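K.L.:
File name protein-v3.pdb; file contents PDB, C-alpha atoms and all ligand atoms; full text below.
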ATOM      1  CA  MET A   1     -38.703  42.761  -8.313  1.00  0.00           C
ATOM      2  CA  SER A   2     -35.279  42.044  -9.861  1.00  0.00           C
ATOM      3  CA  ALA A   3     -33.683  38.659  -9.272  1.00  0.00           C
ATOM      4  CA  THR A   4     -30.406  38.654  -7.356  1.00  0.00           C
ATOM      5  CA  ILE A   5     -27.525  37.427  -9.474  1.00  0.00           C
ATOM      6  CA  LEU A   6     -25.719  34.739  -7.535  1.00  0.00           C
ATOM      7  CA  LYS A   7     -21.936  34.705  -7.833  1.00  0.00           C
ATOM      8  CA  LYS A   8     -21.082  31.029  -7.922  1.00  0.00           C
ATOM      9  CA  VAL A   9     -17.856  30.105  -6.179  1.00  0.00           C
ATOM     10  CA  LYS A  10     -15.433  28.471  -8.613  1.00  0.00           C
ATOM     11  CA  THR A  11     -14.910  25.032  -7.130  1.00  0.00           C
ATOM     12  CA  ALA A  12     -12.660  22.046  -7.869  1.00  0.00           C
ATOM     13  CA  ILE A  13     -13.148  18.460  -6.680  1.00  0.00           C
ATOM     14  CA  LEU A  14     -10.201  16.196  -5.893  1.00  0.00           C
ATOM     15  CA  ILE A  15     -10.862  12.469  -6.350  1.00  0.00           C
ATOM     16  CA  SER A  16      -8.990   9.170  -6.499  1.00  0.00           C
ATOM     17  CA  GLY A  17     -11.573   6.660  -7.700  1.00  0.00           C
ATOM     18  CA  ARG A  18     -15.218   6.050  -8.382  1.00  0.00           C
ATOM     19  CA  GLY A  19     -16.405   9.605  -7.783  1.00  0.00           C
ATOM     20  CA  SER A  20     -19.880   9.062  -6.386  1.00  0.00           C
ATOM     21  CA  ASN A  21     -19.579  12.024  -4.022  1.00  0.00           C
ATOM     22  CA  MET A  22     -18.178  14.056  -6.924  1.00  0.00           C
ATOM     23  CA  THR A  23     -21.223  13.132  -9.023  1.00  0.00           C
ATOM     24  CA  ALA A  24     -23.584  14.217  -6.247  1.00  0.00           C
ATOM     25  CA  LEU A  25     -21.779  17.566  -5.979  1.00  0.00           C
ATOM     26  CA  ILE A  26     -21.834  18.186  -9.739  1.00  0.00           C
ATOM     27  CA  GLU A  27     -25.534  17.296  -9.918  1.00  0.00           C
ATOM     28  CA  ALA A  28     -26.436  19.547  -6.993  1.00  0.00           C
ATOM     29  CA  SER A  29     -24.359  22.412  -8.379  1.00  0.00           C
ATOM     30  CA  THR A  30     -26.409  22.613 -11.566  1.00  0.00           C
ATOM     31  CA  ALA A  31     -29.331  24.141  -9.620  1.00  0.00           C
ATOM     32  CA  ASP A  32     -29.585  27.893 -10.290  1.00  0.00           C
ATOM     33  CA  ASP A  33     -29.468  28.765  -6.622  1.00  0.00           C
ATOM     34  CA  PHE A  34     -26.547  26.500  -5.698  1.00  0.00           C
ATOM     35  CA  PRO A  35     -23.706  28.804  -4.567  1.00  0.00           C
ATOM     36  CA  ALA A  36     -20.812  26.848  -6.117  1.00  0.00           C
ATOM     37  CA  LYS A  37     -19.974  25.837  -9.681  1.00  0.00           C
ATOM     38  CA  ILE A  38     -17.814  22.766 -10.246  1.00  0.00           C
ATOM     39  CA  GLU A  39     -15.255  23.937 -12.784  1.00  0.00           C
ATOM     40  CA  LEU A  40     -12.587  21.253 -12.488  1.00  0.00           C
ATOM     41  CA  VAL A  41     -12.052  17.680 -11.298  1.00  0.00           C
ATOM     42  CA  ILE A  42      -8.544  16.411 -10.584  1.00  0.00           C
ATOM     43  CA  SER A  43      -7.616  12.804  -9.808  1.00  0.00           C
ATOM     44  CA  ASN A  44      -4.251  11.632  -8.527  1.00  0.00           C
ATOM     45  CA  ARG A  45      -4.936   8.302 -10.253  1.00  0.00           C
ATOM     46  CA  LEU A  46      -4.959   7.994 -14.030  1.00  0.00           C
ATOM     47  CA  ASP A  47      -7.542   5.191 -13.931  1.00  0.00           C
ATOM     48  CA  ALA A  48     -10.089   6.904 -11.678  1.00  0.00           C
ATOM     49  CA  LYS A  49     -13.562   6.139 -13.026  1.00  0.00           C
ATOM     50  CA  GLY A  50     -14.714   9.521 -11.757  1.00  0.00           C
ATOM     51  CA  LEU A  51     -12.672  11.269 -14.476  1.00  0.00           C
ATOM     52  CA  LEU A  52     -14.857   9.723 -17.175  1.00  0.00           C
ATOM     53  CA  THR A  53     -18.025  10.505 -15.234  1.00  0.00           C
ATOM     54  CA  ALA A  54     -17.028  14.146 -14.774  1.00  0.00           C
ATOM     55  CA  ARG A  55     -16.253  14.580 -18.476  1.00  0.00           C
ATOM     56  CA  ALA A  56     -19.575  12.958 -19.393  1.00  0.00           C
ATOM     57  CA  MET A  57     -21.223  15.551 -17.138  1.00  0.00           C
ATOM     58  CA  GLY A  58     -19.402  18.357 -18.959  1.00  0.00           C
ATOM     59  CA  VAL A  59     -16.805  19.152 -16.306  1.00  0.00           C
ATOM     60  CA  PRO A  60     -13.098  19.358 -17.265  1.00  0.00           C
ATOM     61  CA  ALA A  61     -11.309  16.468 -15.566  1.00  0.00           C
ATOM     62  CA  ILE A  62      -7.576  15.843 -15.471  1.00  0.00           C
ATOM     63  CA  ALA A  63      -5.268  13.319 -13.865  1.00  0.00           C
ATOM     64  CA  ILE A  64      -2.087  14.315 -12.073  1.00  0.00           C
ATOM     65  CA  ASP A  65      -0.346  11.032 -11.308  1.00  0.00           C
ATOM     66  CA  HIS A  66       1.287  11.396  -7.910  1.00  0.00           C
ATOM     67  CA  LYS A  67       3.647   8.542  -8.753  1.00  0.00           C
ATOM     68  CA  ALA A  68       5.208  10.643 -11.502  1.00  0.00           C
ATOM     69  CA  TYR A  69       6.582  13.117  -8.930  1.00  0.00           C
ATOM     70  CA  THR A  70       9.607  12.788  -6.684  1.00  0.00           C
ATOM     71  CA  GLY A  71       7.702  13.625  -3.497  1.00  0.00           C
ATOM     72  CA  ARG A  72       4.540  15.044  -1.975  1.00  0.00           C
ATOM     73  CA  GLU A  73       5.634  18.656  -2.405  1.00  0.00           C
ATOM     74  CA  ALA A  74       6.376  18.249  -6.122  1.00  0.00           C
ATOM     75  CA  PHE A  75       2.987  16.588  -6.677  1.00  0.00           C
ATOM     76  CA  GLU A  76       1.224  19.291  -4.699  1.00  0.00           C
ATOM     77  CA  ALA A  77       3.031  22.033  -6.664  1.00  0.00           C
ATOM     78  CA  ALA A  78       1.572  20.531  -9.868  1.00  0.00           C
ATOM     79  CA  LEU A  79      -1.852  20.338  -8.223  1.00  0.00           C
ATOM     80  CA  GLN A  80      -1.691  23.946  -7.069  1.00  0.00           C
ATOM     81  CA  GLU A  81      -0.592  25.110 -10.520  1.00  0.00           C
ATOM     82  CA  LYS A  82      -3.660  23.526 -12.131  1.00  0.00           C
ATOM     83  CA  LEU A  83      -6.035  24.891  -9.474  1.00  0.00           C
ATOM     84  CA  LEU A  84      -4.678  28.393 -10.011  1.00  0.00           C
ATOM     85  CA  ALA A  85      -4.721  28.019 -13.814  1.00  0.00           C
ATOM     86  CA  PHE A  86      -8.476  27.333 -13.572  1.00  0.00           C
ATOM     87  CA  GLU A  87      -8.873  30.258 -11.105  1.00  0.00           C
ATOM     88  CA  ILE A  88     -10.320  27.892  -8.511  1.00  0.00           C
ATOM     89  CA  GLU A  89     -11.523  29.527  -5.288  1.00  0.00           C
ATOM     90  CA  PHE A  90     -12.676  26.498  -3.298  1.00  0.00           C
ATOM     91  CA  VAL A  91     -11.674  22.829  -3.129  1.00  0.00           C
ATOM     92  CA  CYS A  92     -13.710  19.734  -2.177  1.00  0.00           C
ATOM     93  CA  CYS A  93     -11.845  16.522  -1.440  1.00  0.00           C
ATOM     94  CA  ALA A  94     -14.170  13.635  -2.291  1.00  0.00           C
ATOM     95  CA  GLY A  95     -12.639  10.204  -1.890  1.00  0.00           C
ATOM     96  CA  PHE A  96      -9.210  11.790  -2.466  1.00  0.00           C
ATOM     97  CA  MET A  97      -6.779   9.285  -1.002  1.00  0.00           C
ATOM     98  CA  ARG A  98      -3.613  11.388  -0.670  1.00  0.00           C
ATOM     99  CA  VAL A  99      -2.524  12.975   2.572  1.00  0.00           C
ATOM    100  CA  LEU A 100      -1.902  16.682   1.925  1.00  0.00           C
ATOM    101  CA  THR A 101       1.054  18.451   3.531  1.00  0.00           C
ATOM    102  CA  PRO A 102       0.537  21.474   5.821  1.00  0.00           C
ATOM    103  CA  GLY A 103       2.322  23.533   3.157  1.00  0.00           C
ATOM    104  CA  PHE A 104      -0.446  22.762   0.655  1.00  0.00           C
ATOM    105  CA  VAL A 105      -3.315  22.976   3.141  1.00  0.00           C
ATOM    106  CA  ASP A 106      -2.143  26.425   4.302  1.00  0.00           C
ATOM    107  CA  GLN A 107      -2.673  27.730   0.771  1.00  0.00           C
ATOM    108  CA  TRP A 108      -6.435  27.015   1.101  1.00  0.00           C
ATOM    109  CA  PRO A 109      -7.458  28.476   4.463  1.00  0.00           C
ATOM    110  CA  ARG A 110     -11.258  28.122   4.952  1.00  0.00           C
ATOM    111  CA  ARG A 111     -11.349  27.147   1.283  1.00  0.00           C
ATOM    112  CA  MET A 112     -10.963  23.360   1.385  1.00  0.00           C
ATOM    113  CA  ILE A 113     -13.312  20.703   2.780  1.00  0.00           C
ATOM    114  CA  ASN A 114     -13.339  16.902   2.938  1.00  0.00           C
ATOM    115  CA  ILE A 115     -15.848  14.111   3.452  1.00  0.00           C
ATOM    116  CA  HIS A 116     -14.878  11.281   5.758  1.00  0.00           C
ATOM    117  CA  PRO A 117     -16.861   8.074   6.331  1.00  0.00           C
ATOM    118  CA  SER A 118     -17.068   8.138  10.119  1.00  0.00           C
ATOM    119  CA  LEU A 119     -18.481  10.215  12.924  1.00  0.00           C
ATOM    120  CA  LEU A 120     -15.325  12.242  13.520  1.00  0.00           C
ATOM    121  CA  PRO A 121     -13.443  12.530  15.797  1.00  0.00           C
ATOM    122  CA  LYS A 122     -13.957   8.760  15.852  1.00  0.00           C
ATOM    123  CA  TYR A 123     -12.043   6.664  13.335  1.00  0.00           C
ATOM    124  CA  LYS A 124      -9.728   9.064  11.538  1.00  0.00           C
ATOM    125  CA  GLY A 125      -7.838   7.456   8.654  1.00  0.00           C
ATOM    126  CA  LEU A 126      -8.706   4.218   6.881  1.00  0.00           C
ATOM    127  CA  ASN A 127     -11.006   1.190   7.403  1.00  0.00           C
ATOM    128  CA  THR A 128     -13.628   3.175   9.288  1.00  0.00           C
ATOM    129  CA  HIS A 129     -16.500   0.755   8.675  1.00  0.00           C
ATOM    130  CA  ALA A 130     -14.534  -2.258   9.924  1.00  0.00           C
ATOM    131  CA  ARG A 131     -13.439  -0.311  12.993  1.00  0.00           C
ATOM    132  CA  ALA A 132     -16.991   0.765  13.862  1.00  0.00           C
ATOM    133  CA  LEU A 133     -18.211  -2.850  13.533  1.00  0.00           C
ATOM    134  CA  GLU A 134     -15.268  -4.186  15.522  1.00  0.00           C
ATOM    135  CA  ALA A 135     -15.971  -1.722  18.323  1.00  0.00           C
ATOM    136  CA  GLY A 136     -19.610  -2.825  18.492  1.00  0.00           C
ATOM    137  CA  ASP A 137     -20.847   0.728  17.916  1.00  0.00           C
ATOM    138  CA  ALA A 138     -24.602   1.275  17.705  1.00  0.00           C
ATOM    139  CA  GLN A 139     -24.145   4.152  15.270  1.00  0.00           C
ATOM    140  CA  HIS A 140     -21.780   5.151  12.500  1.00  0.00           C
ATOM    141  CA  GLY A 141     -21.924   7.860   9.865  1.00  0.00           C
ATOM    142  CA  CYS A 142     -20.110  10.480   7.862  1.00  0.00           C
ATOM    143  CA  THR A 143     -18.632  13.921   8.418  1.00  0.00           C
ATOM    144  CA  VAL A 144     -17.817  16.904   6.228  1.00  0.00           C
ATOM    145  CA  HIS A 145     -15.076  19.018   7.789  1.00  0.00           C
ATOM    146  CA  TRP A 146     -12.682  21.825   6.992  1.00  0.00           C
ATOM    147  CA  VAL A 147      -9.291  20.501   5.947  1.00  0.00           C
ATOM    148  CA  SER A 148      -6.592  21.361   8.454  1.00  0.00           C
ATOM    149  CA  SER A 149      -2.948  20.377   8.565  1.00  0.00           C
ATOM    150  CA  GLU A 150      -3.745  17.342  10.747  1.00  0.00           C
ATOM    151  CA  LEU A 151      -5.457  14.390   9.015  1.00  0.00           C
ATOM    152  CA  ASP A 152      -9.280  14.269   9.400  1.00  0.00           C
ATOM    153  CA  SER A 153      -9.111  16.762  12.280  1.00  0.00           C
ATOM    154  CA  GLY A 154     -10.456  20.069  10.960  1.00  0.00           C
ATOM    155  CA  GLU A 155     -13.560  21.749  12.337  1.00  0.00           C
ATOM    156  CA  ILE A 156     -16.738  19.793  11.608  1.00  0.00           C
ATOM    157  CA  ILE A 157     -19.267  21.366   9.236  1.00  0.00           C
ATOM    158  CA  LEU A 158     -22.010  18.689   9.151  1.00  0.00           C
ATOM    159  CA  GLN A 159     -22.468  15.067  10.180  1.00  0.00           C
ATOM    160  CA  GLU A 160     -25.052  12.393   9.444  1.00  0.00           C
ATOM    161  CA  THR A 161     -25.561   9.172  11.368  1.00  0.00           C
ATOM    162  CA  VAL A 162     -26.728   5.664  10.466  1.00  0.00           C
ATOM    163  CA  ASP A 163     -27.771   2.896  12.824  1.00  0.00           C
ATOM    164  CA  ILE A 164     -25.600  -0.214  12.803  1.00  0.00           C
ATOM    165  CA  THR A 165     -27.762  -3.339  12.779  1.00  0.00           C
ATOM    166  CA  ARG A 166     -26.803  -6.860  13.814  1.00  0.00           C
ATOM    167  CA  ASP A 167     -26.646  -8.144  10.274  1.00  0.00           C
ATOM    168  CA  ASP A 168     -24.427  -5.316   8.986  1.00  0.00           C
ATOM    169  CA  THR A 169     -21.211  -6.229   7.183  1.00  0.00           C
ATOM    170  CA  GLN A 170     -18.479  -3.835   6.100  1.00  0.00           C
ATOM    171  CA  ASP A 171     -20.092  -3.660   2.661  1.00  0.00           C
ATOM    172  CA  SER A 172     -23.643  -3.077   3.867  1.00  0.00           C
ATOM    173  CA  LEU A 173     -22.443  -0.434   6.299  1.00  0.00           C
ATOM    174  CA  ALA A 174     -20.330   1.286   3.637  1.00  0.00           C
ATOM    175  CA  GLN A 175     -23.398   1.376   1.380  1.00  0.00           C
ATOM    176  CA  LYS A 176     -25.632   2.841   4.106  1.00  0.00           C
ATOM    177  CA  VAL A 177     -23.046   5.490   4.939  1.00  0.00           C
ATOM    178  CA  LEU A 178     -22.440   6.343   1.277  1.00  0.00           C
ATOM    179  CA  GLU A 179     -26.160   7.001   0.762  1.00  0.00           C
ATOM    180  CA  LYS A 180     -25.951   9.577   3.548  1.00  0.00           C
ATOM    181  CA  GLU A 181     -22.698  11.033   2.180  1.00  0.00           C
ATOM    182  CA  LEU A 182     -24.308  11.818  -1.169  1.00  0.00           C
ATOM    183  CA  ILE A 183     -26.968  13.932   0.560  1.00  0.00           C
ATOM    184  CA  LEU A 184     -24.665  15.433   3.171  1.00  0.00           C
ATOM    185  CA  TYR A 185     -21.851  16.701   0.945  1.00  0.00           C
ATOM    186  CA  PRO A 186     -23.873  19.138  -1.217  1.00  0.00           C
ATOM    187  CA  LYS A 187     -25.543  20.521   1.949  1.00  0.00           C
ATOM    188  CA  ALA A 188     -22.172  20.969   3.613  1.00  0.00           C
ATOM    189  CA  LEU A 189     -20.713  22.671   0.539  1.00  0.00           C
ATOM    190  CA  ILE A 190     -23.536  25.215   0.606  1.00  0.00           C
ATOM    191  CA  ARG A 191     -22.821  25.875   4.268  1.00  0.00           C
ATOM    192  CA  ALA A 192     -19.055  26.076   3.748  1.00  0.00           C
ATOM    193  CA  VAL A 193     -19.097  28.548   0.867  1.00  0.00           C
ATOM    194  CA  SER A 194     -21.615  30.689   2.751  1.00  0.00           C
ATOM    195  CA  ASP A 195     -18.970  31.057   5.454  1.00  0.00           C
ATOM    196  CA  ARG A 196     -17.286  34.040   3.833  1.00  0.00           C
ATOM    197  CA  ASP A 197     -17.878  37.082   1.665  1.00  0.00           C
ATOM    198  CA  TRP A 198     -16.483  36.037  -1.731  1.00  0.00           C
ATOM    199  CA  ALA A 199     -16.317  39.598  -2.968  1.00  0.00           C
ATOM    200  CA  LYS A 200     -13.399  40.123  -0.571  1.00  0.00           C
ATOM    201  CA  PRO A 201      -9.957  38.561  -1.220  1.00  0.00           C
TER
HETATM  202  C1  LIG B 301     -16.437   7.631   0.373  1.00  0.00           C
HETATM  203  O1  LIG B 301     -16.915   6.781   1.372  1.00  0.00           O
HETATM  204  C2  LIG B 301     -15.646   8.722   1.025  1.00  0.00           C
HETATM  205  O2  LIG B 301     -16.156   9.185   2.211  1.00  0.00           O
HETATM  206  C3  LIG B 301     -14.356   7.990   1.252  1.00  0.00           C
HETATM  207  O3  LIG B 301     -14.153   7.185   0.128  1.00  0.00           O
HETATM  208  C4  LIG B 301     -15.389   6.938  -0.492  1.00  0.00           C
HETATM  209  C5  LIG B 301     -15.273   7.567  -1.838  1.00  0.00           C
HETATM  210  O4  LIG B 301     -16.209   7.204  -2.677  1.00  0.00           O
HETATM  211  N1  LIG B 301     -13.297   8.876   1.565  1.00  0.00           N
HETATM  212  P1  LIG B 301     -16.430   8.008  -4.026  1.00  0.00           P
HETATM  213  O5  LIG B 301     -15.100   8.106  -4.758  1.00  0.00           O
HETATM  214  O6  LIG B 301     -17.007   9.353  -3.688  1.00  0.00           O
HETATM  215  O7  LIG B 301     -17.387   7.152  -4.798  1.00  0.00           O
END
Could you render the structure from this file as structure tokens?
P.N.:
Amino acid sequence: MSATILKKVKTAILISGRGSNMTALIEASTADDFPAKIELVISNRLDAKGLLTARAMGVPAIAIDHKAYTGREAFEAALQEKLLAFEIEFVCCAGFMRVLTPGFVDQWPRRMINIHPSLLPKYKGLNTHARALEAGDAQHGCTVHWVSSELDSGEIILQETVDITRDDTQDSLAQKVLEKELILYPKALIRAVSDRDWAKP
């Protein structure tokens, strides 16, 4: 019986900071049967710790400082140029803290996903853990979704929940959710890239 040769989807990860989700994706992608290969990491912040981690893991990692550009479109044009230069087919946003314009998002239809630390559609945007605690929610969690032109609103791919306990603080809740994120994101990436036939344009 001959083994099927898996075509790995050429994937980039966009980050802004620590890169723990990025690390989980790179680690998962080294398995022979994982359908994506992480070929590039881009940070919009020069000091993102994740850049060093990615390089240490053998993945090219570059910074494109959004502050060096006159506006969102100019920054995104630089981002797009790099993604195309590396022949990237799929993009994972992982703790990437820039809002992307519809003009950029439309260039990656069904090819860009994001992880968000809440049970979407609850708590789009920032400070999700504080908002879940403030609301007295019994559960919180994380969501991987397709990126659409509206912030944190694209179709949901996978979610994972955590129970909120009485002694939870923002930090303890963030930690509990992050543990789930690191398991959820690789699973969701597998599901997302299996969504299409990559042999077709
Ligand atoms: C994660 O909670 C992610 O969901 C959120 O920011 C955090 C990023 O952490 N958007 P990291 O950079 O992956 O460590």
K.L.:
What is the CA of Thr165 in chain A to CA of Gly17 in chain A distance in Å?
P.N.:
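Interatomic distance here is 28.0 Å.
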K.L.:
From the set A:Ile183, A:Ala132, A:Ala174, A:Leu120, which residue has the shortest atom-to-atom contact distance to ligand LIG 301 (chain B), counting all atoms listed in the file?
P.N.:
A:Ala174
K.L.:
Any chance you could work out the residue set of the PyMOL selection byres (((chain A and resi 123) around 12) and not hetatm) here, as a list in words?
P.N.:
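The output of the PyMOL selection byres (((chain A and resi 123) around 12) and not hetatm) on this file is His116, Pro117, Ser118, Leu119, Leu120, Pro121, Lys122, Lys124, Gly125, Leu126, Asn127, Thr128, His129, Ala130, Arg131, Ala132, Leu133, Glu134, Ala135, Asp137, His140, Gly141, Cys142, Thr143, Leu151, Asp152 and Ser153 of chain A.
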K.L.:
May I ask you to write as a tab-separated table (two decimals) with C-alpha atoms, in the frame of the given file all residues lying at most 6 Å from ligand LIG 301 (chain B), with only C-alpha atoms and all ligand atoms counted?
P.N.:
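Dumped to selection_38.tsv:
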chain	number	residue	atom	x	y	z
A	17	GLY	CA	-11.57	6.66	-7.70
A	18	ARG	CA	-15.22	6.05	-8.38
A	19	GLY	CA	-16.40	9.60	-7.78
A	20	SER	CA	-19.88	9.06	-6.39
A	21	ASN	CA	-19.58	12.02	-4.02
A	22	MET	CA	-18.18	14.06	-6.92
A	94	ALA	CA	-14.17	13.64	-2.29
A	95	GLY	CA	-12.64	10.20	-1.89
A	115	ILE	CA	-15.85	14.11	3.45
A	116	HIS	CA	-14.88	11.28	5.76
A	117	PRO	CA	-16.86	8.07	6.33
A	178	LEU	CA	-22.44	6.34	1.28
K.L.:
Could you give me, as a ChimeraX atom specification, the residues within 10 Å of range 60-69 of chain A, counting only C-alpha atoms and dropping anything in the same chain fewer than 5 positions from it?
P.N.:
/A:12-16,38-48,50-55,74-79,82,86,98
K.L.:
Between CA of Lys10 in chain A and CA of Glu89 in chain A, what is the spacing in Å?
P.N.:
5.2 Å
K.L.:
Once the PyMOL selection byres (((chain A and resi 197) around 12) and not hetatm) is applied to the coordinates I shared, what remains selected? I want it as a count of residues only.
P.N.:
15
K.L.:
Residues near Val105 in chain A, anyone? I mean within 9 Å using all atoms listed in the file, not counting same-chain ones fewer than 5 positions away, as a list in words.
P.N.:
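My reading of the contact set: Leu100, Met112, Val147, Ser148 and Ser149 of chain A.
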K.L.:
Could you work out how far CA of Lys180 in chain A lies from CA of Ile157 in chain A, giving the answer in Å with one decimal?
P.N.:
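These two atoms are separated by 14.7 Å.
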K.L.:
Which residues match the PyMOL selection byres (((chain A and resi 155) around 6) and not hetatm) in the file above, as a list in words?
P.N.:
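This file gives the following for the PyMOL selection byres (((chain A and resi 155) around 6) and not hetatm): His145, Trp146, Gly154 and Ile156 of chain A.
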K.L.:
Could you write out the selected residues, including C-alpha atoms, as a PDB file, keeping the file's coordinate frame?
P.N.:
ATOM      1  CA  HIS A 145     -15.076  19.018   7.789  1.00  0.00           C
ATOM      2  CA  TRP A 146     -12.682  21.825   6.992  1.00  0.00           C
ATOM      3  CA  GLY A 154     -10.456  20.069  10.960  1.00  0.00           C
ATOM      4  CA  ILE A 156     -16.738  19.793  11.608  1.00  0.00           C
TER       5      ILE A 156
END
K.L.:
Quick one: everything within 12 Å of Asp33 in chain A, counting only C-alpha atoms, minus sequence neighbours fewer than 2 positions away in the same chain. Send it as a list in words.
P.N.:
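Once the nearby chain positions are removed, what remains is Ala3, Thr4, Ile5, Leu6, Lys7, Lys8, Val9, Ala28, Ser29, Thr30, Ala31, Pro35, Ala36, Lys37 and Ile190 of chain A.
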K.L.:
Using all atoms listed in the file for the distances, tell me which of A:Gly136, A:Arg191, A:Ile26, A:Glu150 is nearest to Thr169 in chain A.
P.N.:
A:Gly136
K.L.:
From the list A:Gln139, A:Gln159, A:Asn114, A:Thr101, which residue is nearest Leu173 in chain A when using all atoms listed in the file?
P.N.:
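The closest residue to Leu173 in chain A is A:Gln139.
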K.L.:
Between A:Val144, A:Thr70, A:Asp167, A:Ser172, which is the closest to Ala188 in chain A once you count only C-alpha atoms?
P.N.:
A:Val144
K.L.:
Tell me which of A:Ile113, A:Gly58, A:Trp108, A:Tyr185 sits closest to Ile88 in chain A, counting only C-alpha atoms.
P.N.:
A:Trp108
K.L.:
Just add N, CA, C and O atoms to range 84-95 of chain A and send it as a compact mmCIF listing (two decimals), in the frame of the given file.
P.N.:
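Okay, this is what ended up in selection.txt:
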# COMPACT_ATOMS: atom_id res chain seq x y z
N LEU A 84 -4.80 26.95 -9.75
CA LEU A 84 -4.68 28.39 -10.01
C LEU A 84 -4.95 28.70 -11.48
O LEU A 84 -5.57 29.70 -11.80
N ALA A 85 -4.51 27.80 -12.38
CA ALA A 85 -4.72 28.02 -13.81
C ALA A 85 -6.23 28.08 -14.13
O ALA A 85 -6.65 28.81 -15.03
N PHE A 86 -7.01 27.33 -13.38
CA PHE A 86 -8.48 27.33 -13.57
C PHE A 86 -9.16 28.37 -12.67
O PHE A 86 -10.39 28.40 -12.59
N GLU A 87 -8.36 29.19 -12.00
CA GLU A 87 -8.87 30.26 -11.10
C GLU A 87 -9.83 29.71 -10.05
O GLU A 87 -10.88 30.31 -9.75
N ILE A 88 -9.48 28.55 -9.52
CA ILE A 88 -10.32 27.89 -8.51
C ILE A 88 -10.26 28.67 -7.19
O ILE A 88 -9.19 29.12 -6.76
N GLU A 89 -11.43 28.80 -6.57
CA GLU A 89 -11.52 29.53 -5.29
C GLU A 89 -11.76 28.60 -4.10
O GLU A 89 -11.56 28.98 -2.95
N PHE A 90 -12.26 27.38 -4.39
CA PHE A 90 -12.68 26.50 -3.30
C PHE A 90 -12.43 25.05 -3.74
O PHE A 90 -12.60 24.72 -4.91
N VAL A 91 -12.04 24.21 -2.79
CA VAL A 91 -11.67 22.83 -3.13
C VAL A 91 -12.46 21.85 -2.26
O VAL A 91 -12.51 21.99 -1.03
N CYS A 92 -13.04 20.83 -2.90
CA CYS A 92 -13.71 19.73 -2.18
C CYS A 92 -12.92 18.45 -2.40
O CYS A 92 -12.76 18.02 -3.55
N CYS A 93 -12.45 17.85 -1.34
CA CYS A 93 -11.84 16.52 -1.44
C CYS A 93 -12.97 15.51 -1.32
O CYS A 93 -13.76 15.57 -0.36
N ALA A 94 -13.05 14.59 -2.28
CA ALA A 94 -14.17 13.64 -2.29
C ALA A 94 -13.62 12.26 -2.65
O ALA A 94 -13.47 11.93 -3.82
N GLY A 95 -13.28 11.49 -1.63
CA GLY A 95 -12.64 10.20 -1.89
C GLY A 95 -11.24 10.40 -2.44
O GLY A 95 -10.75 9.58 -3.22
